[in-house]
Structure formats: C-alpha cells, structure tokens
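Engineer: Below you'll find query_10.txt; it's compact mmCIF, C-alpha atoms.
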# COMPACT_ATOMS: atom_id res chain seq x y z
CA MET A 1 -59.41 -9.43 104.29
CA SER A 2 -59.63 -6.17 102.40
CA ALA A 3 -61.65 -4.65 105.24
CA GLU A 4 -58.51 -4.21 107.34
CA VAL A 5 -56.48 -2.77 104.50
CA ARG A 6 -56.27 1.00 104.71
CA PRO A 7 -55.48 2.78 101.44
CA VAL A 8 -53.08 5.69 101.87
CA ASP A 9 -54.76 7.54 99.04
CA THR A 10 -57.64 7.35 96.54
CA LEU A 11 -57.73 8.21 92.86
CA ASP A 12 -61.15 8.68 91.35
CA LEU A 13 -60.49 8.06 87.68
CA ARG A 14 -64.08 8.00 86.49
CA GLY A 15 -64.30 9.83 83.18
CA VAL A 16 -60.51 9.65 82.68
CA LEU A 17 -59.65 7.95 79.40
CA CYS A 18 -57.02 5.33 78.52
CA PRO A 19 -54.11 5.56 78.82
CA MET A 20 -54.20 8.60 81.12
CA ASN A 21 -55.98 6.63 83.84
CA PHE A 22 -53.12 4.12 83.82
CA VAL A 23 -50.43 6.82 83.75
CA LYS A 24 -52.00 8.58 86.75
CA THR A 25 -52.24 5.31 88.65
CA LYS A 26 -48.66 4.40 87.83
CA LEU A 27 -47.26 7.79 88.85
CA LYS A 28 -49.21 7.73 92.08
CA LEU A 29 -47.98 4.24 92.93
CA GLU A 30 -44.41 5.27 92.20
CA SER A 31 -44.66 8.10 94.70
CA MET A 32 -45.67 5.59 97.39
CA GLU A 33 -43.66 3.13 99.51
CA LYS A 34 -43.53 -0.59 98.75
CA GLY A 35 -46.45 -2.36 100.44
CA GLU A 36 -48.63 0.74 100.70
CA VAL A 37 -52.10 0.51 99.21
CA LEU A 38 -53.81 2.82 96.74
CA GLU A 39 -57.52 2.87 96.05
CA VAL A 40 -58.50 3.51 92.42
CA VAL A 41 -61.97 3.97 90.95
CA LEU A 42 -62.25 2.98 87.28
CA ASP A 43 -65.09 3.01 84.78
CA SER A 44 -66.23 -0.31 83.34
CA GLY A 45 -65.52 -0.90 79.68
CA GLU A 46 -62.13 0.04 78.32
CA PRO A 47 -60.58 1.31 81.58
CA ILE A 48 -61.29 -1.89 83.51
CA GLN A 49 -60.20 -3.98 80.49
CA ASN A 50 -56.82 -2.30 80.30
CA VAL A 51 -55.68 -0.74 83.56
CA PRO A 52 -55.57 -3.85 85.81
CA LYS A 53 -53.40 -5.85 83.39
CA SER A 54 -51.01 -2.95 82.90
CA ILE A 55 -50.77 -2.50 86.67
CA LYS A 56 -49.96 -6.18 87.05
CA GLU A 57 -47.30 -5.94 84.32
CA GLU A 58 -45.69 -3.10 86.26
CA GLY A 59 -45.24 -5.44 89.19
CA HIS A 60 -47.99 -4.18 91.49
CA ARG A 61 -50.62 -6.35 93.13
CA ILE A 62 -54.37 -5.94 92.93
CA ILE A 63 -55.61 -7.05 96.34
CA ASP A 64 -59.29 -6.24 96.09
CA VAL A 65 -61.90 -5.46 93.44
CA LYS A 66 -65.45 -4.30 94.04
CA LYS A 67 -68.00 -3.66 91.35
CA GLU A 68 -70.24 -0.67 92.09
CA ASP A 69 -72.88 0.16 89.44
CA ASP A 70 -70.96 1.13 86.29
CA HIS A 71 -67.56 1.41 87.91
CA PHE A 72 -65.00 -0.63 89.85
CA ARG A 73 -63.18 0.10 93.10
CA LEU A 74 -59.69 -1.45 93.22
CA LEU A 75 -57.15 -1.72 95.99
CA ILE A 76 -53.62 -1.86 94.62
CA GLU A 77 -50.55 -2.70 96.67
CA ARG A 78 -47.38 -1.06 95.46
CA GLY A 79 -44.81 -3.60 94.27
CA GLU A 80 -41.03 -3.38 93.88
CA MET B 1 -23.07 -3.74 27.32
CA ASP B 2 -25.18 -0.95 28.59
CA ARG B 3 -28.42 -2.42 27.33
CA PHE B 4 -32.05 -2.10 28.18
CA ILE B 5 -32.65 -4.52 30.94
CA GLU B 6 -35.95 -5.67 29.41
CA ASP B 7 -33.79 -7.76 27.14
CA LYS B 8 -33.64 -10.67 29.55
CA THR B 9 -31.82 -12.97 27.16
CA THR B 10 -28.75 -10.82 27.26
CA ARG B 11 -25.98 -11.17 29.74
CA VAL B 12 -24.32 -7.97 30.68
CA GLU B 13 -20.69 -7.53 31.49
CA VAL B 14 -19.81 -5.87 34.73
CA SER B 15 -16.32 -5.04 35.82
CA LEU B 16 -15.26 -5.80 39.37
CA ASP B 17 -11.71 -5.43 40.68
CA GLY B 18 -10.36 -5.56 37.15
CA GLU B 19 -12.21 -8.83 36.53
CA THR B 20 -15.09 -8.89 34.08
CA LYS B 21 -18.16 -10.75 35.31
CA LYS B 22 -21.45 -11.45 33.61
CA LEU B 23 -24.90 -10.76 35.04
CA ASP B 24 -28.13 -12.33 33.78
CA PHE B 25 -31.08 -10.03 34.25
CA GLY B 26 -33.48 -12.97 34.21
CA GLU B 27 -31.73 -14.33 37.26
CA LEU B 28 -31.51 -11.05 39.09
CA LYS B 29 -34.99 -11.20 40.56
CA THR B 30 -34.14 -14.45 42.30
CA GLY B 31 -31.52 -12.51 44.14
CA GLY B 32 -33.71 -9.63 45.28
CA PHE B 33 -32.72 -7.14 42.59
CA ILE B 34 -35.88 -5.58 41.22
CA LYS B 35 -35.93 -3.57 38.04
CA GLN B 36 -37.10 -0.01 38.33
CA ARG B 37 -38.92 2.15 35.82
CA GLN B 38 -35.66 4.02 35.22
CA ARG B 39 -33.17 2.63 32.77
CA ASP B 40 -30.33 0.67 34.41
CA LEU B 41 -31.63 1.31 37.91
CA PHE B 42 -32.73 -1.37 40.33
CA THR B 43 -34.15 -1.74 43.80
CA VAL B 44 -32.04 -3.95 46.04
CA ARG B 45 -34.14 -5.70 48.64
CA LEU B 46 -32.33 -6.69 51.82
CA ARG B 47 -33.20 -9.63 54.01
CA CYS B 48 -34.71 -8.46 57.30
CA PRO B 49 -36.63 -11.41 58.82
CA GLY B 50 -39.36 -10.20 61.14
CA GLY B 51 -38.37 -6.62 60.29
CA ARG B 52 -35.70 -6.72 62.98
CA VAL B 53 -32.36 -4.98 62.36
CA PRO B 54 -29.65 -4.51 65.01
CA THR B 55 -28.72 -0.84 65.26
CA ASP B 56 -25.01 -1.40 64.53
CA LYS B 57 -25.97 -3.14 61.28
CA LEU B 58 -28.48 -0.41 60.51
CA ILE B 59 -25.70 2.18 60.67
CA GLU B 60 -23.60 0.15 58.22
CA ILE B 61 -26.56 -0.50 55.92
CA SER B 62 -27.30 3.26 55.95
CA LYS B 63 -23.75 4.01 54.82
CA ILE B 64 -23.99 1.49 51.98
CA ALA B 65 -27.43 2.76 50.94
CA HIS B 66 -26.15 6.32 50.97
CA LYS B 67 -23.23 5.32 48.77
CA TYR B 68 -25.15 3.28 46.17
CA SER B 69 -28.62 4.84 45.98
CA LYS B 70 -28.46 7.43 43.19
CA LYS B 71 -31.27 9.31 44.92
CA GLY B 72 -30.18 8.69 48.49
CA VAL B 73 -33.36 6.89 49.56
CA ILE B 74 -34.48 3.59 50.99
CA HIS B 75 -38.00 2.17 51.17
CA LEU B 76 -39.47 -0.11 53.81
CA SER B 77 -41.06 -2.96 51.90
CA PHE B 78 -44.49 -4.33 52.72
CA ARG B 79 -42.70 -7.38 54.08
CA GLN B 80 -40.67 -5.40 56.58
CA SER B 81 -37.41 -5.34 54.66
CA ILE B 82 -35.15 -2.43 53.77
CA GLU B 83 -34.95 -1.74 50.05
CA ILE B 84 -32.15 0.39 48.63
CA LEU B 85 -33.63 2.31 45.70
CA TYR B 86 -32.00 3.64 42.53
CA VAL B 87 -29.00 1.32 42.41
CA ASP B 88 -27.10 1.08 39.12
CA TYR B 89 -26.76 -2.57 38.10
CA LYS B 90 -23.14 -2.02 37.17
CA GLU B 91 -22.42 -1.52 40.84
CA PHE B 92 -24.14 -4.71 42.06
CA PRO B 93 -20.94 -6.69 42.60
CA GLN B 94 -19.39 -3.99 44.77
CA LEU B 95 -22.65 -3.45 46.67
CA VAL B 96 -23.05 -7.16 47.38
CA LYS B 97 -19.43 -7.35 48.47
CA GLU B 98 -19.92 -4.50 50.92
CA LEU B 99 -23.08 -6.08 52.30
CA GLU B 100 -21.26 -9.38 52.74
CA ALA B 101 -18.52 -7.58 54.61
CA ILE B 102 -21.02 -6.46 57.28
CA GLY B 103 -22.72 -9.88 57.32
CA TRP B 104 -25.93 -8.82 55.63
CA LYS B 105 -27.80 -10.59 52.88
CA VAL B 106 -30.00 -9.69 49.93
CA ALA B 107 -33.58 -11.02 49.86
CA SER B 108 -35.31 -12.82 47.02
CA CYS B 109 -38.29 -12.51 44.72
CA GLY B 110 -40.00 -15.01 42.49
CA PRO B 111 -41.35 -18.53 43.13
CA ARG B 112 -39.73 -19.45 46.41
CA VAL B 113 -40.06 -19.13 50.18
CA ARG B 114 -39.76 -15.44 51.00
CA VAL B 115 -38.32 -13.69 54.02
CA PRO B 116 -40.75 -14.38 56.90
CA THR B 117 -42.54 -11.47 58.52
CA ALA B 118 -43.46 -11.15 62.19
CA CYS B 119 -44.81 -8.78 64.82
CA GLY B 120 -42.84 -8.01 68.00
CA GLY B 121 -44.16 -11.12 69.74
CA CYS B 122 -43.91 -12.05 73.40
CA GLU B 123 -40.36 -10.73 73.77
CA TYR B 124 -41.55 -7.18 74.35
CA ASN B 125 -45.18 -6.77 73.27
CA PRO B 126 -47.60 -7.16 76.21
CA ASN B 127 -50.19 -8.87 73.98
CA GLY B 128 -47.66 -11.32 72.54
CA LEU B 129 -48.17 -15.01 73.29
CA THR B 130 -45.48 -16.56 71.09
CA ASP B 131 -41.87 -15.69 70.30
CA THR B 132 -42.57 -14.63 66.72
CA GLN B 133 -39.17 -13.04 66.24
CA ALA B 134 -37.25 -16.19 67.17
CA LEU B 135 -39.49 -18.24 64.89
CA ALA B 136 -39.07 -15.82 61.97
CA LYS B 137 -35.31 -16.12 62.40
CA MET B 138 -35.51 -19.91 62.43
CA VAL B 139 -37.68 -19.98 59.29
CA ASP B 140 -35.36 -17.57 57.51
CA GLU B 141 -32.36 -19.75 58.31
CA ARG B 142 -34.00 -23.04 57.40
CA PHE B 143 -36.44 -22.28 54.59
CA PHE B 144 -35.54 -18.99 52.91
CA GLY B 145 -35.23 -19.37 49.14
CA THR B 146 -36.71 -22.90 48.97
CA PRO B 147 -38.08 -23.18 45.40
CA THR B 148 -41.89 -23.44 45.18
CA HIS B 149 -44.51 -23.28 42.39
CA HIS B 150 -45.22 -19.63 43.09
CA LYS B 151 -44.23 -17.19 45.81
CA PHE B 152 -44.60 -18.64 49.31
CA LYS B 153 -45.12 -16.19 52.15
CA ILE B 154 -44.93 -17.11 55.82
CA SER B 155 -45.75 -14.84 58.74
CA PHE B 156 -46.01 -14.95 62.52
CA SER B 157 -48.49 -13.02 64.66
CA GLY B 158 -48.07 -13.18 68.41
CA CYS B 159 -51.77 -12.89 69.26
CA PRO B 160 -55.26 -12.88 67.73
CA ILE B 161 -55.01 -9.17 66.86
CA ASP B 162 -52.96 -10.63 64.00
CA CYS B 163 -50.87 -7.60 63.01
CA ALA B 164 -48.77 -9.87 60.77
CA ARG B 165 -51.94 -10.73 58.81
CA THR B 166 -51.66 -14.51 58.87
CA ARG B 167 -55.02 -14.72 57.08
CA GLU B 168 -53.36 -13.35 53.94
CA MET B 169 -50.32 -15.63 53.97
CA ASP B 170 -49.59 -18.87 52.13
CA LEU B 171 -48.79 -20.16 55.60
CA GLY B 172 -49.44 -18.22 58.79
CA PHE B 173 -48.90 -18.90 62.48
CA GLN B 174 -50.90 -16.91 65.01
CA GLY B 175 -50.25 -17.13 68.73
CA VAL B 176 -52.98 -18.53 71.01
CA VAL B 177 -53.30 -19.40 74.68
CA GLU B 178 -55.88 -21.67 76.24
CA PRO B 179 -57.14 -20.25 79.53
CA GLU B 180 -57.86 -22.43 82.54
CA TRP B 181 -59.78 -21.34 85.63
CA GLU B 182 -59.31 -22.48 89.22
CA GLU B 183 -62.07 -21.82 91.70
CA PRO B 184 -60.19 -21.60 95.04
CA THR B 185 -58.20 -18.48 94.15
CA CYS B 186 -61.14 -16.71 92.43
CA THR B 187 -62.67 -13.87 94.45
CA GLY B 188 -65.55 -13.29 92.03
CA CYS B 189 -64.33 -9.78 91.22
CA THR B 190 -65.78 -9.95 87.67
CA ILE B 191 -62.79 -8.26 86.01
CA CYS B 192 -62.30 -11.22 83.64
CA ALA B 193 -65.83 -10.87 82.28
CA GLU B 194 -65.16 -7.17 81.74
CA ALA B 195 -61.77 -7.83 80.18
CA CYS B 196 -63.09 -10.40 77.69
CA LYS B 197 -63.89 -8.60 74.45
CA GLU B 198 -65.49 -11.69 72.91
CA ASP B 199 -68.26 -12.25 75.50
CA ALA B 200 -66.73 -15.65 76.18
CA ILE B 201 -66.89 -14.98 79.93
CA GLU B 202 -69.97 -13.95 81.87
CA SER B 203 -70.10 -13.33 85.60
CA ASP B 204 -72.46 -15.35 87.72
CA PRO B 205 -75.01 -12.80 88.99
CA ASP B 206 -74.76 -14.15 92.57
CA THR B 207 -71.13 -15.11 93.08
CA GLY B 208 -69.44 -12.97 90.41
CA LYS B 209 -67.51 -16.06 89.36
CA PRO B 210 -66.92 -16.66 85.66
CA ILE B 211 -69.03 -18.73 83.32
CA TYR B 212 -66.79 -19.62 80.38
CA TYR B 213 -68.03 -20.22 76.82
CA PRO B 214 -65.09 -21.86 75.02
CA GLU B 215 -66.86 -21.73 71.64
CA LYS B 216 -66.67 -17.93 71.75
CA CYS B 217 -63.07 -17.82 72.99
CA ILE B 218 -60.40 -16.70 70.51
CA TYR B 219 -57.58 -17.56 72.97
CA CYS B 220 -56.12 -14.06 73.35
CA GLY B 221 -55.33 -14.40 77.06
CA ASP B 222 -56.94 -11.10 78.13
CA CYS B 223 -58.67 -12.91 81.03
CA ILE B 224 -55.36 -14.34 82.24
CA ARG B 225 -53.66 -10.97 82.12
CA ALA B 226 -56.53 -9.14 83.80
CA CYS B 227 -57.13 -11.61 86.64
CA PRO B 228 -55.80 -10.08 89.88
CA THR B 229 -55.41 -13.37 91.74
CA GLY B 230 -54.10 -15.74 89.07
CA ALA B 231 -57.31 -17.81 89.11
CA TRP B 232 -57.18 -17.70 85.30
CA ARG B 233 -54.00 -19.34 84.10
CA ALA B 234 -52.43 -20.44 80.83
CA LYS B 235 -53.13 -24.11 80.21
CA ARG B 236 -51.13 -24.22 76.97
CA TYR B 237 -49.64 -21.89 74.38
CA GLY B 238 -49.34 -22.57 70.68
CA HIS B 239 -50.16 -21.48 67.17
CA LEU B 240 -53.34 -21.31 65.14
CA VAL B 241 -52.14 -22.43 61.70
CA ARG B 242 -53.62 -20.82 58.61
CA VAL B 243 -52.89 -21.96 55.08
CA GLY B 244 -53.74 -20.78 51.56
CA GLY B 245 -54.21 -17.04 52.05
CA LYS B 246 -52.99 -14.36 49.68
CA HIS B 247 -53.45 -10.72 48.86
CA GLY B 248 -52.92 -9.24 45.42
CA ARG B 249 -55.57 -8.69 42.75
CA TRP B 250 -57.73 -11.51 43.99
CA PRO B 251 -57.26 -11.92 47.73
CA MET B 252 -58.05 -15.21 49.41
CA GLU B 253 -58.62 -15.78 53.09
CA ALA B 254 -56.58 -18.61 54.54
CA GLU B 255 -58.13 -21.80 55.93
CA GLU B 256 -57.64 -22.42 59.63
CA VAL B 257 -56.25 -25.93 59.80
CA ALA B 258 -54.80 -26.55 63.25
CA LEU B 259 -54.97 -25.11 66.76
CA PHE B 260 -52.38 -25.11 69.59
CA VAL B 261 -49.52 -26.33 67.43
CA PRO B 262 -46.44 -25.96 69.66
CA ASP B 263 -43.27 -24.06 68.65
CA GLU B 264 -41.26 -27.22 68.12
CA LYS B 265 -43.74 -28.41 65.46
CA VAL B 266 -43.59 -25.22 63.36
CA ALA B 267 -40.66 -26.29 61.17
CA GLU B 268 -42.30 -29.65 60.49
CA VAL B 269 -45.58 -27.94 59.52
CA ILE B 270 -43.72 -25.75 57.02
CA GLU B 271 -41.67 -28.61 55.62
CA LYS B 272 -44.65 -30.92 55.12
CA THR B 273 -46.88 -28.17 53.76
CA ILE B 274 -44.29 -27.28 51.12
CA GLU B 275 -43.89 -30.97 50.33
CA TRP B 276 -47.65 -31.29 49.76
CA TYR B 277 -47.73 -28.10 47.70
CA MET B 278 -44.86 -29.26 45.49
CA ALA B 279 -46.52 -32.63 44.95
CA ASN B 280 -50.00 -31.29 44.27
CA GLY B 281 -49.60 -27.74 42.97
CA MET B 282 -48.79 -26.51 39.51
CA ARG B 283 -46.21 -24.03 38.31
CA GLY B 284 -47.50 -20.51 38.82
CA GLU B 285 -50.25 -21.59 41.24
CA ARG B 286 -50.40 -20.32 44.82
CA ILE B 287 -51.09 -22.91 47.49
CA GLY B 288 -54.53 -21.39 48.14
CA LYS B 289 -55.55 -22.29 44.59
CA THR B 290 -54.07 -25.75 44.96
CA LEU B 291 -56.13 -26.30 48.12
CA GLU B 292 -59.23 -25.11 46.26
CA ARG B 293 -58.55 -27.40 43.30
CA VAL B 294 -57.33 -30.51 45.11
CA GLY B 295 -59.30 -30.14 48.36
CA VAL B 296 -58.41 -29.04 51.88
CA ASP B 297 -59.35 -32.54 53.10
CA LYS B 298 -56.54 -34.01 50.96
CA TYR B 299 -54.07 -31.60 52.56
CA LEU B 300 -55.33 -32.41 56.06
CA GLU B 301 -55.04 -36.13 55.34
CA PHE B 302 -51.42 -35.57 54.31
CA MET B 303 -50.76 -33.51 57.45
CA LYS B 304 -52.47 -36.00 59.79
CA ASP B 305 -49.30 -37.09 61.56
CA VAL B 306 -48.04 -33.52 61.99
CA PHE B 307 -51.24 -31.96 63.31
CA GLY B 308 -52.53 -34.99 65.20
CA ASP B 309 -55.47 -34.05 67.45
CA ARG B 310 -54.72 -30.36 66.90
CA VAL B 311 -56.30 -30.50 63.46
CA LEU B 312 -59.36 -28.35 62.82
CA GLY B 313 -62.07 -29.87 60.63
CA ALA B 314 -63.65 -27.73 57.91
CA LYS B 315 -66.67 -27.02 60.15
CA GLU B 316 -64.62 -26.13 63.19
CA ALA B 317 -62.48 -23.94 60.95
CA ALA B 318 -65.58 -22.05 59.85
CA CYS B 319 -66.59 -21.55 63.51
CA GLN B 320 -63.14 -20.26 64.36
CA GLN B 321 -63.45 -17.55 61.72
CA LYS B 322 -66.44 -16.05 63.57
Could you write out this structure as structure tokens?

Structural biologist:
Amino acid sequence: MSAEVRPVDTLDLRGVLCPMNFVKTKLKLESMEKGEVLEVVLDSGEPIQNVPKSIKEEGHRIIDVKKEDDHFRLLIERGE
Amino acid sequence: MDRFIEDKTTRVEVSLDGETKKLDFGELKTGGFIKQRQRDLFTVRLRCPGGRVPTDKLIEISKIAHKYSKKGVIHLSFRQSIEILYVDYKEFPQLVKELEAIGWKVASCGPRVRVPTACGGCEYNPNGLTDTQALAKMVDERFFGTPTHHKFKISFSGCPIDCARTREMDLGFQGVVEPEWEEPTCTGCTICAEACKEDAIESDPDTGKPIYYPEKCIYCGDCIRACPTGAWRAKRYGHLVRVGGKHGRWPMEAEEVALFVPDEKVAEVIEKTIEWYMANGMRGERIGKTLERVGVDKYLEFMKDVFGDRVLGAKEAACQQK
C-alpha cells in the first residue's frame, strides 16, 4: 500500500538527537497540508523509541515503517 | 506567656479578636505547625495533595505567606506542600482564620495518614497511565489525618518510572497497563521491539512481528504508544500496590503485593491496610516493621478478599522487583 504513497518531502534525521528530531518533524508536518505525507529517517535506539509515539500524540498517522540497517524509514501522514 | 516552646506541658495564651485562647504546643504538630530553631517561630505546613494548587489560591496563599512569614519565605516540602516559614505562634489564630477564608487547610505531622503525594498522572503527562491527581484528592478527602501507630505516607505514581517513589511509601500505588497484541493489524514494522526498554519484546527475524516475554514486562505501555497501527492495545489498566516502604535513617523497600488493582478498589485497599496495621502494629512502629515482625503472608491473608486474584505471592513479588 505504501508503494503508491508519494511523500512530499523527506527529512533525514540520522545523527539528530532527541528531542530536536521530534521538533523538526513536528514543524515540518505543520507546514504541510492535512493528508500529505512526510518521509522521515530516524536512528534506532532513543530516536525510534520516542519520536513515533510523540508523533502519534500530536495527531499524525504513521502509515509505513521500514527498518534499514541501523535506522528506520517512516512515512507520516499529517493529521488535523 | 511568651515561653520557650520546648516546654510542651505549658499552654500559652494567645489573643484573638479580644478573646484570649490557649494553645498547647504538644498538640501543634498534629495540626501542621512545626517548631523552628528560632524561639517562638514555627513553620506552617499547608495541605497540597498531589502538589497541585490552583493559581487563584496560590495568589491568596502568597499574600498570606508574605504577611505572616517574618522572613518573607516559603519552602516546598518533600511531600509537595507549601510551608510558610518563620511564623510567630502568637499569630496562628489569625493565620488559620485567613487560610480558612480562602478555603485552604493546614497539613498534619505525627502518627497519622499524611497528605498524599502524586505525579502529574494521565491527565497531562504522556507517560501517565492512571489519574494520580484525582486519586490523591480522593485519599486526602477520605483518609487525611486518620490516626495510625506511626506516620503513614501514601503516594501515587502514574507509570513505572515511579517519580512519586512508591517503593519508599507505607502504601504506594503505581500505574500499570497490560499490553495485548492483535496479529491482523500488525505490519511487522518492529518499532515495538525498539520501543521496549525492558527487552520484553523481540522481533521475529523473518516476519518482524513481536515475540512477547510477559515475565520481563513492567507494564509501562511504551509498546502501545509506539505502535503505528494499534496492533498493541491496552488490555487493562490498574495499580501495582506496594506496602511497607520508608525512607529516613533506615530506609526499607516496599513489598509488591498486588498487580492491576483497579481505581475503584484503591480506597478499600487503604482502609483494610490501615485496619490490619492498627490491629497488628505497635505504637511508634511503621507498617514496614510490622510486616517484617508479623509476616507479609499474614497481611496478604487479611487482604485476600480485597486483592483477590490480583495478589502477588512473595516469589512473584521478588520477580517483579527485577
């Protein structure tokens, strides 16, 4: 399903620490329209433990997750 | 009249609105008035359950503190309450009257149920699993000041991070959530395994789907909050009950006695625990010592009907600590 989804932008947040990675993701999503999709690359460990749940709490939807080596590639749909 | 307050046998006359009243220093501590090093000066401890104070009240309390503190300072107690420092005992009646006028109360010291403490809880803290603030309020209304053999401290933590230090309380309630996984909605993304800080979830190397080890789970709910699709869900919320902890000169770590006790059982747990303590404890003995002397098994037997199948045996309790 995620194959057809085209992200409007990508944030490579590898090496960006908590909570800056979340803040950058949040600000980016807020600059987008509802329903648009953002691709985010996050390190495993603390970033992947924290960022997805904070994103969910902000009302956005994680529509796809792919693990690639020591990082994760997420597709996030902007919520209300 | 103006005597050294060490002389506890003496009653001191205080004038209020032209009327002369008598104060007994021995009784003052029961009312939250704590003697200071300085002659005639006391600390007045206010009652702030859960450390929560509405801002309009805070403004009024500030005015009163500013008026009665000879040094113009307050202190935040270790149990989250505001303490007005450097208050002259001769002004207690007026101070209490002014506090009553704004609907605020003084706390207590000595051998009785103290003001409960609590973290922010699920109302606004993202980690919170239980409404610790509402429960602290309930306990304050129902149990505050109940006489016990020694001090009796109750606290509420909303999650296993345990900011309210339930392990060090006579009776502590720590929020827990049991996670439940549903295969159809799981995409095998592996975030839950990453999110779990206790290694209670591993990802299947082929499918990425979770393998759950309940014996390692501390019921924090990180997996539920991290799961993008809602495949991990909350099966039930409740409290991990700890009893017999204390700090002080000789700290004791509380026993974990029950798991997933629901909100509506909390008052009953407190009531019955105090009942057991009063029947089995001795004057000046904390409940932790009573449990050590009489036996945790005796307490659990007494609590059988309250805890039901939520009771943790001594062995399970030891496992839970890990």

Engineer: Return the neighbours of chain B among the residues of chain A, cut-off 6 Å, counting all atoms listed in the file, as a compact mmCIF listing (two decimals) with C-alpha atoms, in the coordinates of the input.

Structural biologist:
# COMPACT_ATOMS: atom_id res chain seq x y z
CA GLN A 49 -60.20 -3.98 80.49
CA PRO A 52 -55.57 -3.85 85.81
CA LYS A 53 -53.40 -5.85 83.39
CA ILE A 62 -54.37 -5.94 92.93
CA VAL A 65 -61.90 -5.46 93.44

Engineer: Let me make sure I understand: among B:Arg233, B:Lys67, B:His149, B:Lys209, which one has the smallest atom-to-atom distance to Asn280 (chain B) if we use only C-alpha atoms?

Structural biologist: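 Selected residue with least distance to Asn280 (chain B): B:His149.
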
Engineer: Please, what distance in Å, to one decimal, runs between CA of Gly110 (chain B) and CA of Thr146 (chain B)?

Structural biologist: 10.7 Å

Engineer: Kindly extract all protein, DNA and RNA residues lying within 8 Å of the coordinates (-61.3, 6.3, 90.1) given in the file, considering all atoms listed in the file, and supply them as a list in words.

Structural biologist: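 Those within range, by chain then number, are Thr10, Leu11, Asp12, Leu13, Arg14, Glu39, Val40, Val41, Leu42, Asp43, Phe72 and Arg73 of chain A.
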
Engineer: Grab the residues selected above and save them as an mmCIF file, in the frame of the given file with C-alpha atoms.

Structural biologist:
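out_4.cif written:
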data_model
loop_
_atom_site.group_PDB
_atom_site.id
_atom_site.type_symbol
_atom_site.label_atom_id
_atom_site.label_comp_id
_atom_site.auth_asym_id
_atom_site.auth_seq_id
_atom_site.Cartn_x
_atom_site.Cartn_y
_atom_site.Cartn_z
ATOM 1 C CA THR A 10 -57.640 7.350 96.540
ATOM 2 C CA LEU A 11 -57.730 8.210 92.860
ATOM 3 C CA ASP A 12 -61.150 8.680 91.350
ATOM 4 C CA LEU A 13 -60.490 8.060 87.680
ATOM 5 C CA ARG A 14 -64.080 8.000 86.490
ATOM 6 C CA GLU A 39 -57.520 2.870 96.050
ATOM 7 C CA VAL A 40 -58.500 3.510 92.420
ATOM 8 C CA VAL A 41 -61.970 3.970 90.950
ATOM 9 C CA LEU A 42 -62.250 2.980 87.280
ATOM 10 C CA ASP A 43 -65.090 3.010 84.780
ATOM 11 C CA PHE A 72 -65.000 -0.630 89.850
ATOM 12 C CA ARG A 73 -63.180 0.100 93.100
#

Engineer: Please list as a list in words every residue within 7 Å of Asp88 (chain B), counting only C-alpha atoms and excluding residues in the same chain fewer than 2 positions away.

Structural biologist: Asp40, Leu41, Phe42, Tyr86, Lys90 and Glu91 of chain B

Engineer: So the first atom is CA of Pro179 (chain B) and the second is CA of Trp232 (chain B); what is the distance between them in Å, to one decimal place?

Structural biologist: 6.3 Å

Engineer: Find the distance between CA of Gln133 (chain B) and CA of Cys220 (chain B) and write it in Å to one decimal.

Structural biologist: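 About the pair CA of Gln133 (chain B) and CA of Cys220 (chain B): they are 18.4 Å apart.
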
Engineer: Taking (-50.2, -19.7, 62.6) in the file's coordinates, which residues come within 10 Å, counting all atoms listed in the file, written as a PyMOL selection string?

Structural biologist: chain B and resi 154-160+162+165-167+169+171-176+238-243+256-261+266+269

Engineer: Using only C-alpha atoms, which of the listed residues (A:Glu36, A:Glu46, A:Glu30, A:Glu57) sits closest to Leu75 (chain A)?

Structural biologist: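 When distances to Leu75 (chain A) are compared using only C-alpha atoms, the smallest one comes from A:Glu36.
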
Engineer: Taking only C-alpha atoms into account, name the residue in A:Val8, A:Lys67, A:Lys26, A:Val16 that is nearest to Leu38 (chain A).

Structural biologist: A:Val8
